[in-house]
$ cat final_35.cif   # mmCIF, C-alpha atoms
data_entry
#
loop_
_atom_site.label_atom_id
_atom_site.label_comp_id
_atom_site.auth_asym_id
_atom_site.auth_seq_id
_atom_site.Cartn_x
_atom_site.Cartn_y
_atom_site.Cartn_z
CA MET U 1 8.94 12.45 -14.50
CA LYS U 2 6.20 14.92 -13.58
CA LYS U 3 2.63 14.58 -14.79
CA SER U 4 0.64 17.48 -16.15
CA THR U 5 -2.98 18.02 -15.17
CA LEU U 6 -3.94 17.17 -18.73
CA ALA U 7 -2.07 13.85 -18.56
CA TYR U 8 -3.86 13.05 -15.30
CA VAL U 9 -7.27 13.79 -16.84
CA ILE U 10 -6.45 11.68 -19.91
CA ASP U 11 -5.43 8.78 -17.67
CA GLN U 12 -8.67 8.99 -15.72
CA TRP U 13 -10.77 9.14 -18.89
CA SER U 14 -8.89 6.30 -20.58
CA VAL U 15 -10.23 2.76 -20.74
CA VAL U 16 -9.07 0.75 -17.74
CA PRO U 17 -7.48 -2.58 -18.81
CA PRO U 18 -9.44 -5.69 -17.81
CA VAL U 19 -8.59 -7.45 -14.58
CA GLU U 20 -5.59 -9.79 -14.63
CA THR U 21 -6.35 -13.42 -13.77
CA ALA U 22 -4.33 -16.37 -12.52
CA ASP U 23 -4.79 -19.82 -11.06
CA LEU U 24 -4.48 -19.37 -7.30
CA SER U 25 -5.52 -22.88 -6.32
CA GLY U 26 -3.43 -24.04 -3.40
CA LYS U 27 -2.31 -20.44 -2.66
CA THR U 28 -2.98 -18.13 0.27
CA VAL U 29 -3.81 -14.45 -0.22
CA LEU U 30 -4.04 -11.79 2.49
CA VAL U 31 -5.70 -8.44 1.76
CA VAL U 32 -5.41 -5.80 4.49
CA GLY U 33 -8.09 -3.12 4.29
CA ALA U 34 -10.60 -5.40 2.60
CA ASN U 35 -14.04 -4.63 4.01
CA VAL U 36 -14.94 -1.79 1.59
CA GLY U 37 -13.91 -0.13 -1.65
CA ILE U 38 -10.99 -1.29 -3.75
CA GLY U 39 -9.84 -3.76 -1.08
CA LEU U 40 -13.19 -5.56 -1.09
CA LYS U 41 -13.36 -5.55 -4.89
CA ALA U 42 -9.83 -6.95 -5.13
CA SER U 43 -10.74 -9.65 -2.61
CA LYS U 44 -13.68 -10.68 -4.80
CA HIS U 45 -11.35 -11.00 -7.78
CA PHE U 46 -9.00 -13.23 -5.75
CA ALA U 47 -11.99 -15.33 -4.65
CA ARG U 48 -12.94 -15.84 -8.30
CA MET U 49 -9.41 -17.18 -8.86
CA ARG U 50 -10.19 -19.83 -6.26
CA SER U 51 -7.30 -19.27 -3.87
CA ALA U 52 -7.14 -22.05 -1.28
CA ARG U 53 -7.27 -19.48 1.48
CA LEU U 54 -8.31 -15.84 1.23
CA ILE U 55 -7.81 -13.77 4.37
CA ILE U 56 -9.51 -10.40 4.52
CA ALA U 57 -8.19 -8.17 7.26
CA CYS U 58 -9.88 -5.03 8.57
CA ARG U 59 -10.23 -3.00 11.74
CA SER U 60 -13.93 -3.62 12.43
CA GLU U 61 -15.01 -7.21 13.06
CA ALA U 62 -18.65 -6.36 12.34
CA LYS U 63 -17.84 -4.75 8.98
CA GLY U 64 -15.47 -7.58 8.19
CA LYS U 65 -18.22 -10.14 8.73
CA VAL U 66 -20.48 -8.22 6.35
CA ALA U 67 -17.72 -8.28 3.70
CA LEU U 68 -17.15 -11.98 4.36
CA GLY U 69 -20.82 -12.70 3.77
CA GLU U 70 -20.88 -10.56 0.63
CA ILE U 71 -17.93 -12.43 -0.89
CA GLY U 72 -19.47 -15.80 -0.08
CA GLN U 73 -22.89 -14.89 -1.42
CA GLU U 74 -21.73 -13.10 -4.59
CA ILE U 75 -18.84 -15.40 -5.58
CA GLY U 76 -19.97 -18.68 -4.04
CA TYR U 77 -16.57 -19.06 -2.41
CA ASN U 78 -16.08 -20.61 1.02
CA GLY U 79 -12.32 -20.28 1.51
CA CYS U 80 -12.52 -16.78 2.99
CA GLU U 81 -11.65 -15.94 6.59
CA LEU U 82 -11.49 -12.78 8.63
CA TRP U 83 -8.65 -11.22 10.56
CA THR U 84 -9.23 -8.21 12.78
CA VAL U 85 -6.24 -5.91 12.33
CA ASP U 86 -6.10 -2.34 13.61
CA LEU U 87 -3.17 -0.53 12.04
CA ALA U 88 -3.69 2.36 14.46
CA ASN U 89 -2.48 -0.08 17.13
CA PHE U 90 0.92 -1.74 16.68
CA ALA U 91 -0.27 -4.87 18.51
CA SER U 92 -1.73 -6.50 15.41
CA LYS U 93 -1.89 -10.04 14.05
CA GLU U 94 0.79 -11.76 12.04
CA GLY U 95 1.54 -15.21 10.66
CA GLY U 96 0.35 -17.79 8.17
CA ASP U 97 1.77 -19.34 5.02
CA LEU U 98 1.38 -16.64 2.39
CA LEU U 99 2.02 -16.20 -1.34
CA ILE U 100 0.33 -12.82 -1.89
CA LEU U 101 0.11 -9.91 0.54
CA VAL U 102 -1.86 -6.80 -0.43
CA MET U 103 -1.46 -3.85 1.95
CA ASN U 104 -4.37 -1.59 1.04
CA ALA U 105 -5.46 -0.09 4.38
CA ALA U 106 -5.15 3.69 4.47
CA ILE U 107 -6.69 6.75 6.02
CA THR U 108 -6.70 10.48 5.39
CA LEU U 109 -7.89 13.08 7.88
CA PRO U 110 -8.45 16.84 7.73
CA ASP U 111 -7.03 17.39 11.23
CA TYR U 112 -4.15 16.14 13.33
CA GLN U 113 -4.94 13.06 15.40
CA SER U 114 -2.62 10.80 17.34
CA THR U 115 -2.81 7.06 17.96
CA ALA U 116 -2.55 5.20 21.27
CA ASP U 117 1.09 4.56 20.33
CA GLY U 118 1.73 8.31 20.15
CA TRP U 119 2.16 8.68 16.40
CA GLU U 120 0.21 10.87 14.00
CA THR U 121 -2.63 8.64 12.76
CA ILE U 122 -2.07 8.93 9.00
CA LEU U 123 1.64 8.24 9.36
CA GLN U 124 1.09 5.19 11.56
CA VAL U 125 -1.79 3.61 9.63
CA ASN U 126 -0.57 4.34 6.10
CA TYR U 127 3.11 3.81 6.63
CA LEU U 128 4.56 2.62 9.94
CA ALA U 129 2.05 -0.15 10.72
CA THR U 130 1.88 -1.10 7.04
CA SER U 131 5.67 -1.46 6.99
CA LEU U 132 5.62 -3.35 10.30
CA LEU U 133 3.10 -5.97 9.18
CA SER U 134 4.78 -6.29 5.77
CA SER U 135 8.15 -6.85 7.42
CA LEU U 136 6.82 -9.38 9.93
CA LEU U 137 5.34 -11.42 7.08
CA ILE U 138 8.57 -11.60 5.04
CA PRO U 139 9.45 -15.09 6.39
CA GLN U 140 6.00 -16.45 5.42
CA LEU U 141 6.18 -14.84 1.99
CA VAL U 142 9.66 -16.18 1.30
CA ALA U 143 8.74 -19.67 2.52
CA ALA U 144 5.67 -19.76 0.26
CA GLY U 145 7.72 -18.50 -2.69
CA ARG U 146 10.25 -21.29 -2.22
CA LYS U 147 7.53 -23.93 -2.01
CA SER U 148 5.67 -22.75 -5.09
CA LEU U 149 8.83 -22.02 -7.15
CA THR U 150 7.17 -18.68 -7.97
CA PRO U 151 8.17 -15.46 -6.21
CA SER U 152 5.66 -14.32 -3.63
CA ARG U 153 4.22 -10.85 -4.08
CA MET U 154 4.09 -8.03 -1.53
CA VAL U 155 1.80 -5.33 -2.93
CA ILE U 156 1.73 -1.97 -1.18
CA VAL U 157 -0.79 0.61 -2.30
CA SER U 158 0.85 3.96 -2.96
CA SER U 159 -0.64 6.81 -5.00
CA GLY U 160 -0.31 8.80 -8.19
CA VAL U 161 0.08 11.95 -6.06
CA LEU U 162 3.81 11.17 -6.14
CA TYR U 163 3.99 12.73 -9.60
CA TRP U 164 3.11 16.14 -8.15
CA LEU U 165 4.76 15.86 -4.75
CA THR U 166 7.97 17.68 -3.92
CA PRO U 167 8.62 17.13 -0.22
CA ALA U 168 9.24 20.21 1.86
CA LYS U 169 12.81 20.88 2.94
CA GLU U 170 11.88 20.04 6.52
CA ILE U 171 10.71 16.58 5.45
CA LYS U 172 13.84 15.84 3.43
CA THR U 173 16.16 16.70 6.29
CA SER U 174 13.97 15.63 9.21
CA SER U 175 15.43 13.47 11.94
CA THR U 176 11.96 12.13 12.66
CA LEU U 177 9.38 10.89 10.19
CA GLU U 178 6.60 12.83 11.89
CA THR U 179 8.03 16.35 11.77
CA HIS U 180 6.30 18.94 9.54
CA MET U 181 3.67 16.62 8.05
CA GLN U 182 1.60 19.29 6.29
CA LEU U 183 0.90 16.92 3.42
CA ARG U 184 0.63 13.86 5.61
CA TYR U 185 -1.35 11.64 3.27
CA GLN U 186 0.75 12.42 0.19
CA GLU U 187 4.01 11.96 2.05
CA SER U 188 2.83 8.72 3.64
CA LYS U 189 2.26 7.38 0.11
CA LEU U 190 5.77 8.51 -0.87
CA PHE U 191 7.14 6.66 2.15
CA ASN U 192 5.22 3.55 1.02
CA PHE U 193 7.05 3.61 -2.30
CA PHE U 194 10.36 4.31 -0.59
CA PHE U 195 9.77 1.21 1.54
CA VAL U 196 9.11 -0.93 -1.54
CA ARG U 197 12.24 0.30 -3.33
CA ALA U 198 14.47 0.14 -0.25
CA LEU U 199 13.29 -3.37 0.61
CA THR U 200 13.84 -4.53 -2.97
CA SER U 201 17.39 -3.16 -3.02
CA ARG U 202 18.20 -5.04 0.20
CA LEU U 203 16.66 -8.41 -0.62
CA GLN U 204 19.16 -11.02 -1.72
CA SER U 205 18.83 -11.58 -5.46
CA VAL U 206 17.81 -15.23 -5.02
CA THR U 207 15.05 -14.41 -2.52
CA PRO U 208 11.69 -15.49 -4.04
CA LEU U 209 9.84 -12.29 -3.09
CA THR U 210 8.76 -9.40 -5.30
CA SER U 211 7.69 -6.17 -3.63
CA VAL U 212 5.73 -3.76 -5.82
CA ALA U 213 3.85 -0.48 -5.34
CA VAL U 214 0.60 0.32 -7.11
CA THR U 215 -1.59 3.34 -7.61
CA PRO U 216 -5.29 2.49 -7.95
CA GLY U 217 -5.97 5.81 -9.66
CA PHE U 218 -8.57 8.30 -8.46
CA CYS U 219 -11.58 6.21 -7.47
CA TYR U 220 -14.86 6.48 -5.65
CA SER U 221 -13.76 5.53 -2.17
CA GLN U 222 -14.52 5.83 1.52
CA LEU U 223 -10.96 7.09 1.95
CA ARG U 224 -12.28 10.67 1.87
CA ARG U 225 -15.23 10.06 4.18
CA ALA U 226 -13.77 12.24 6.94
CA TRP U 227 -14.42 15.31 4.77
CA TYR U 228 -17.93 14.25 3.79
CA GLU U 229 -18.85 13.53 7.41
CA LYS U 230 -18.02 17.07 8.53
CA PRO U 231 -21.32 18.81 9.32
CA THR U 232 -20.17 22.26 8.27
CA PHE U 233 -20.13 23.75 4.78
CA SER U 234 -16.81 23.17 3.01
CA PHE U 235 -15.44 24.12 -0.39
CA VAL U 236 -13.27 21.01 -0.12
CA LYS U 237 -16.37 18.80 -0.04
CA ILE U 238 -17.76 20.55 -3.10
CA ALA U 239 -14.47 20.27 -4.98
CA LEU U 240 -14.18 16.58 -4.12
CA ALA U 241 -17.73 15.88 -5.26
CA ILE U 242 -17.13 17.61 -8.60
CA GLN U 243 -13.82 15.83 -9.12
CA GLU U 244 -15.41 12.47 -8.37
CA ARG U 245 -18.30 13.09 -10.74
CA LEU U 246 -15.99 14.11 -13.60
CA LEU U 247 -12.96 11.87 -13.14
CA ALA U 248 -13.35 9.03 -10.66
CA TRP U 249 -13.08 5.38 -11.58
CA THR U 250 -15.27 2.83 -9.85
CA ALA U 251 -13.79 0.95 -6.91
CA GLU U 252 -13.75 -2.20 -9.05
CA GLN U 253 -11.68 -0.45 -11.74
CA GLY U 254 -9.22 0.74 -9.10
CA SER U 255 -8.99 -2.74 -7.63
CA ARG U 256 -7.67 -4.09 -10.93
CA GLN U 257 -4.37 -2.32 -10.24
CA LEU U 258 -4.00 -4.16 -6.93
CA VAL U 259 -4.74 -7.45 -8.66
CA PHE U 260 -2.18 -6.75 -11.40
CA GLY U 261 0.42 -6.01 -8.74
CA ALA U 262 -0.42 -9.36 -7.12
CA VAL U 263 -0.57 -11.68 -10.13
CA GLY U 264 0.43 -9.71 -13.25
CA GLY U 265 3.75 -9.23 -14.99
CA ARG U 266 5.01 -12.75 -14.30
CA ASP U 267 6.86 -12.68 -17.63
CA ASP U 268 8.72 -9.55 -16.45
CA GLU U 269 9.41 -10.47 -12.82
CA GLU U 270 12.75 -8.68 -12.52
CA ASN U 271 11.26 -5.34 -13.56
CA MET U 272 8.25 -5.87 -11.30
CA LYS U 273 10.62 -5.89 -8.33
CA GLY U 274 10.45 -2.42 -6.80
CA GLY U 275 8.20 -1.28 -9.65
CA PHE U 276 5.24 1.05 -9.81
CA VAL U 277 1.98 -0.18 -11.34
CA SER U 278 -0.68 2.05 -12.92
CA ARG U 279 -3.46 1.19 -15.37
CA GLY U 280 -2.49 -2.47 -15.53
CA ARG U 281 1.18 -2.04 -16.37
CA LEU U 282 4.54 -0.93 -15.01
CA VAL U 283 5.09 2.80 -15.47
CA GLU U 284 7.89 5.29 -15.07
CA VAL U 285 8.08 6.52 -11.51
CA ALA U 286 8.03 10.09 -10.23
CA GLY U 287 11.13 12.12 -11.00
CA PHE U 288 11.88 13.00 -7.37
CA VAL U 289 12.02 9.31 -6.42
CA LEU U 290 14.72 8.70 -9.04
CA SER U 291 16.77 11.79 -8.19
CA ASP U 292 19.89 11.77 -6.03
CA GLU U 293 17.93 13.77 -3.46
CA GLY U 294 15.14 11.21 -3.51
CA ASP U 295 17.58 8.34 -3.18
CA GLU U 296 19.19 9.98 -0.15
CA MET U 297 15.78 10.60 1.42
CA GLN U 298 14.74 7.00 0.76
CA ASP U 299 17.81 5.72 2.59
CA THR U 300 17.16 8.05 5.54
CA VAL U 301 13.49 7.05 5.78
CA TRP U 302 14.40 3.34 5.59
CA LYS U 303 16.94 3.61 8.42
CA GLU U 304 14.51 5.56 10.63
CA THR U 305 11.74 3.11 9.86
CA ILE U 306 13.78 0.05 10.81
CA ASP U 307 14.90 1.78 14.03
CA ILE U 308 11.27 2.52 14.93
CA LEU U 309 9.97 -0.93 14.03
CA THR U 310 12.80 -2.65 15.89
CA GLY U 311 11.60 -0.82 18.99
CA VAL U 312 8.04 -2.02 18.38
CA SER U 313 8.77 -5.71 17.71
CA ASP U 314 11.78 -7.79 18.74
CA LYS U 315 11.20 -9.90 15.58
CA ILE U 316 12.21 -7.14 13.18
CA GLY U 317 15.96 -7.27 13.93
CA PRO U 318 16.30 -11.01 13.24
CA ILE U 319 14.17 -10.76 10.08
CA VAL U 320 16.34 -7.94 8.74
CA GLN U 321 19.53 -9.88 9.47
CA ASP U 322 18.21 -13.20 8.09
CA TYR U 323 16.56 -11.96 4.90
CA LEU U 324 18.14 -8.63 3.93
CA ILE U 325 21.57 -7.37 3.01
CA VAL U 326 22.52 -5.24 6.01
CA SER U 327 25.39 -2.92 6.80
CA ASP U 328 27.87 -3.50 9.60
CA SER U 329 26.40 -0.47 11.41
CA PHE U 330 23.06 -2.28 11.77
CA ILE U 331 24.67 -5.45 13.10
CA ASN U 332 26.78 -3.49 15.55
#
$ encode --input "final_35.cif" --output "structure tokens"
Amino acid sequence: MKKSTLAYVIDQWSVVPPVETADLSGKTVLVVGANVGIGLKASKHFARMRSARLIIACRSEAKGKVALGEIGQEIGYNGCELWTVDLANFASKEGGDLLILVMNAAITLPDYQSTADGWETILQVNYLATSLLSSLLIPQLVAAGRKSLTPSRMVIVSSGVLYWLTPAKEIKTSSTLETHMQLRYQESKLFNFFFVRALTSRLQSVTPLTSVAVTPGFCYSQLRRAWYEKPTFSFVKIALAIQERLLAWTAEQGSRQLVFGAVGGRDDEENMKGGFVSRGRLVEVAGFVLSDEGDEMQDTVWKETIDILTGVSDKIGPIVQDYLIVSDSFIN
């Protein structure tokens, strides 16, 4: 399906459903991109649910400590710990027994920048490193799901921009994920959803892991700070400011979608697998994703992604073979 501008405005002006709640006692939750905005607000919600262990992961240790203190002071919760994880560097942390993983970290930039690993920054942070960490944590997620007799949740933050995105021909047929990234942020969010759907289709049916994509909606966020920090006059800054004033949800309202992806829909677990969450419920996904062309692109992106990640970490190959349904071509 495609969304009209009017439908988008109506969604943004509609009442946001209240936050989903659950008993997380004895459970471990990891939120990546948790020091500000919707990630921090989601972390506070998880703290209120009294998870045994809440790990907030962010790039800056100093900012992470501030968030840690804020959660402790506001919620009165002492089970929170900090991981320093820089998704612009593939050498990031992994491990830990884990029932809920929320991959929220993202960036958008007005200009091309490359990482130390040689990839375009938006592509690496939003997609490649997100997919890498998510994949490395599959064993911990599956183990926790088996222990709790409840499927673990892998929540990857995508975006509602998918409803308006039609990838350029160069992207659809590209032999490399980085080629022709004119709409880098939007396409990175499409790749996020492709990863969720491709992973779901390859997980064995008895595997106690549900992977789901969510859109937090259009929220007040530091995601767009690169535009606001530019010293020069910009019509983009003016347009963003007007759009935020008229349409934006608060960060807390946006965070409710992440929380629903993590703990909601337990009475509809099968449909949550590979699903897309918006406004506190599963919704129909973008038409391109469901098309034959989208399905072919998803398969291509998945294969390229696994090839890239296998080159980054020697743990990816064994995880794919042990936990996913793989083709003979991968094994050979």
$ resolve_selection --input "final_35.cif" --expression "the PyMOL selection byres ((chain U and resi 37-39) around 9)" --output "ChimeraX atom specification"
/U:31-36,40-44,56,102-105,216,219-223,250-256,258
$ residues_around --input "final_35.cif" --residues "Phe276 in chain U" --least-positions-apart "3" --cutoff "6 Å" --atoms "all atoms listed in the file" --output "PyMOL selection string"
chain U and resi 213-214+282-283
$ closest_atom_pairs --input "final_35.cif" --of "range 248-305 of chain U" --to "range 125-142 of chain U" --cutoff "12 Å" --atoms "only C-alpha atoms" --output "tab-separated table"
residue	atom	partner	partner_atom	distance
U:Val301	CA	U:Leu128	CA	10.8
U:Trp302	CA	U:Ser131	CA	10.1
U:Glu304	CA	U:Leu128	CA	10.4
U:Thr305	CA	U:Leu128	CA	7.2
$ resolve_selection --input "final_35.cif" --expression "the PyMOL selection byres ((chain U and resi 193) around 10)" --output "PyMOL selection string"
chain U and resi 127+156-159+162+187-192+194-199+211-214+274-276+285+289+298
$ residues_around --input "final_35.cif" --residues "Tyr163 in chain U" --least-positions-apart "6" --cutoff "6 Å" --atoms "only C-alpha atoms" --output "MDAnalysis selection string"
chainID U and resid 2:3 286
$ resolve_selection --input "final_35.cif" --expression "the PyMOL selection byres ((chain U and resi 280) around 6)" --output "NGL selection string"
:U and (17 or 257 or 260 or 278-279 or 281)
$ closest_residue --input "final_35.cif" --among "U:Cys58, U:Gly217, U:Thr115, U:Arg266" --to "Glu244 in chain U" --atoms "all atoms listed in the file"
U:Gly217
$ residues_around --input "final_35.cif" --residues "Leu54 in chain U" --least-positions-apart "6" --cutoff "8 Å" --atoms "only C-alpha atoms" --output "VMD selection string"
chain U and resid 28 to 31 43 46 to 47 79 to 81
$ closest_residue --input "final_35.cif" --among "U:Ser4, U:Ser51, U:Thr108, U:Gln124" --to "Leu87 in chain U" --atoms "only C-alpha atoms"
U:Gln124
$ axis_aligned_box --input "final_35.cif" --around "range 209-225 of chain U" --padding-each-side "8 Å" --output "JSON"
{"center_x": -2.7, "center_y": -0.8, "center_z": -2.7, "size_x": 41.1, "size_y": 39.0, "size_z": 29.8}
$ atom_distance --input "final_35.cif" --atom1 "CA of Ala57 in chain U" --atom2 "CA of Leu309 in chain U"
20.7 Å
$ atom_distance --input "final_35.cif" --atom1 "CA of Thr310 in chain U" --atom2 "CA of Leu165 in chain U"
28.9 Å
$ atom_distance --input "final_35.cif" --atom1 "CA of Arg202 in chain U" --atom2 "CA of Pro167 in chain U"
24.2 Å
$ residues_around --input "final_35.cif" --residues "Lys27 in chain U" --least-positions-apart "2" --cutoff "8 Å" --atoms "only C-alpha atoms" --output "PyMOL selection string"
chain U and resi 24-25+29+51-53+98-99
$ build_atoms --input "final_35.cif" --residues "range 68-78 of chain U" --atoms "all heavy atoms" --output "JSON list (two decimals), keeping the file's coordinate frame"
[["chain", "number", "residue", "atom", "x", "y", "z"],
["U", 68, "LEU", "N", -17.30, -10.53, 4.48],
["U", 68, "LEU", "CA", -17.15, -11.98, 4.36],
["U", 68, "LEU", "C", -18.41, -12.61, 3.76],
["U", 68, "LEU", "O", -18.34, -13.43, 2.83],
["U", 68, "LEU", "CB", -16.87, -12.57, 5.75],
["U", 68, "LEU", "CG", -16.06, -13.86, 5.86],
["U", 68, "LEU", "CD1", -14.64, -13.64, 5.40],
["U", 68, "LEU", "CD2", -16.08, -14.35, 7.31],
["U", 69, "GLY", "N", -19.55, -12.18, 4.28],
["U", 69, "GLY", "CA", -20.82, -12.70, 3.77],
["U", 69, "GLY", "C", -21.07, -12.29, 2.34],
["U", 69, "GLY", "O", -21.59, -13.07, 1.53],
["U", 70, "GLU", "N", -20.68, -11.05, 2.00],
["U", 70, "GLU", "CA", -20.88, -10.56, 0.63],
["U", 70, "GLU", "C", -20.05, -11.35, -0.37],
["U", 70, "GLU", "O", -20.53, -11.70, -1.46],
["U", 70, "GLU", "CB", -20.52, -9.08, 0.58],
["U", 70, "GLU", "CG", -20.83, -8.42, -0.75],
["U", 70, "GLU", "CD", -20.55, -6.92, -0.73],
["U", 70, "GLU", "OE1", -20.70, -6.30, 0.34],
["U", 70, "GLU", "OE2", -20.18, -6.38, -1.80],
["U", 71, "ILE", "N", -18.80, -11.65, 0.00],
["U", 71, "ILE", "CA", -17.93, -12.43, -0.89],
["U", 71, "ILE", "C", -18.50, -13.84, -1.09],
["U", 71, "ILE", "O", -18.58, -14.35, -2.21],
["U", 71, "ILE", "CB", -16.50, -12.50, -0.33],
["U", 71, "ILE", "CG1", -15.84, -11.12, -0.39],
["U", 71, "ILE", "CG2", -15.65, -13.51, -1.12],
["U", 71, "ILE", "CD1", -14.50, -11.03, 0.34],
["U", 72, "GLY", "N", -18.93, -14.45, 0.01],
["U", 72, "GLY", "CA", -19.47, -15.80, -0.08],
["U", 72, "GLY", "C", -20.74, -15.86, -0.91],
["U", 72, "GLY", "O", -20.91, -16.77, -1.75],
["U", 73, "GLN", "N", -21.62, -14.88, -0.71],
["U", 73, "GLN", "CA", -22.89, -14.89, -1.42],
["U", 73, "GLN", "C", -22.71, -14.56, -2.90],
["U", 73, "GLN", "O", -23.32, -15.19, -3.77],
["U", 73, "GLN", "CB", -23.86, -13.89, -0.77],
["U", 73, "GLN", "CG", -25.25, -13.88, -1.40],
["U", 73, "GLN", "CD", -26.19, -12.96, -0.65],
["U", 73, "GLN", "OE1", -25.79, -12.20, 0.21],
["U", 73, "GLN", "NE2", -27.47, -13.03, -0.98],
["U", 74, "GLU", "N", -21.89, -13.55, -3.21],
["U", 74, "GLU", "CA", -21.73, -13.10, -4.59],
["U", 74, "GLU", "C", -20.87, -14.05, -5.42],
["U", 74, "GLU", "O", -21.16, -14.29, -6.61],
["U", 74, "GLU", "CB", -21.12, -11.70, -4.61],
["U", 74, "GLU", "CG", -20.97, -11.10, -5.99],
["U", 74, "GLU", "CD", -20.43, -9.68, -5.96],
["U", 74, "GLU", "OE1", -20.77, -8.93, -5.01],
["U", 74, "GLU", "OE2", -19.67, -9.31, -6.87],
["U", 75, "ILE", "N", -19.80, -14.59, -4.82],
["U", 75, "ILE", "CA", -18.84, -15.40, -5.58],
["U", 75, "ILE", "C", -19.11, -16.90, -5.41],
["U", 75, "ILE", "O", -18.70, -17.71, -6.23],
["U", 75, "ILE", "CB", -17.39, -15.08, -5.15],
["U", 75, "ILE", "CG1", -17.16, -13.56, -5.13],
["U", 75, "ILE", "CG2", -16.38, -15.73, -6.11],
["U", 75, "ILE", "CD1", -17.37, -12.87, -6.44],
["U", 76, "GLY", "N", -19.78, -17.26, -4.32],
["U", 76, "GLY", "CA", -19.97, -18.68, -4.04],
["U", 76, "GLY", "C", -18.68, -19.33, -3.62],
["U", 76, "GLY", "O", -18.37, -20.47, -3.97],
["U", 77, "TYR", "N", -17.91, -18.62, -2.82],
["U", 77, "TYR", "CA", -16.57, -19.06, -2.41],
["U", 77, "TYR", "C", -16.56, -19.23, -0.90],
["U", 77, "TYR", "O", -17.00, -18.35, -0.15],
["U", 77, "TYR", "CB", -15.55, -18.01, -2.85],
["U", 77, "TYR", "CG", -14.15, -18.18, -2.32],
["U", 77, "TYR", "CD1", -13.27, -19.09, -2.90],
["U", 77, "TYR", "CD2", -13.69, -17.41, -1.26],
["U", 77, "TYR", "CE1", -11.99, -19.25, -2.43],
["U", 77, "TYR", "CE2", -12.40, -17.55, -0.78],
["U", 77, "TYR", "CZ", -11.55, -18.47, -1.36],
["U", 77, "TYR", "OH", -10.27, -18.61, -0.89],
["U", 78, "ASN", "N", -16.05, -20.34, -0.42],
["U", 78, "ASN", "CA", -16.08, -20.61, 1.02],
["U", 78, "ASN", "C", -14.69, -20.70, 1.65],
["U", 78, "ASN", "O", -14.54, -21.22, 2.76],
["U", 78, "ASN", "CB", -16.87, -21.90, 1.31],
["U", 78, "ASN", "CG", -16.26, -23.12, 0.63],
["U", 78, "ASN", "OD1", -15.19, -23.04, 0.03],
["U", 78, "ASN", "ND2", -16.95, -24.25, 0.72]]
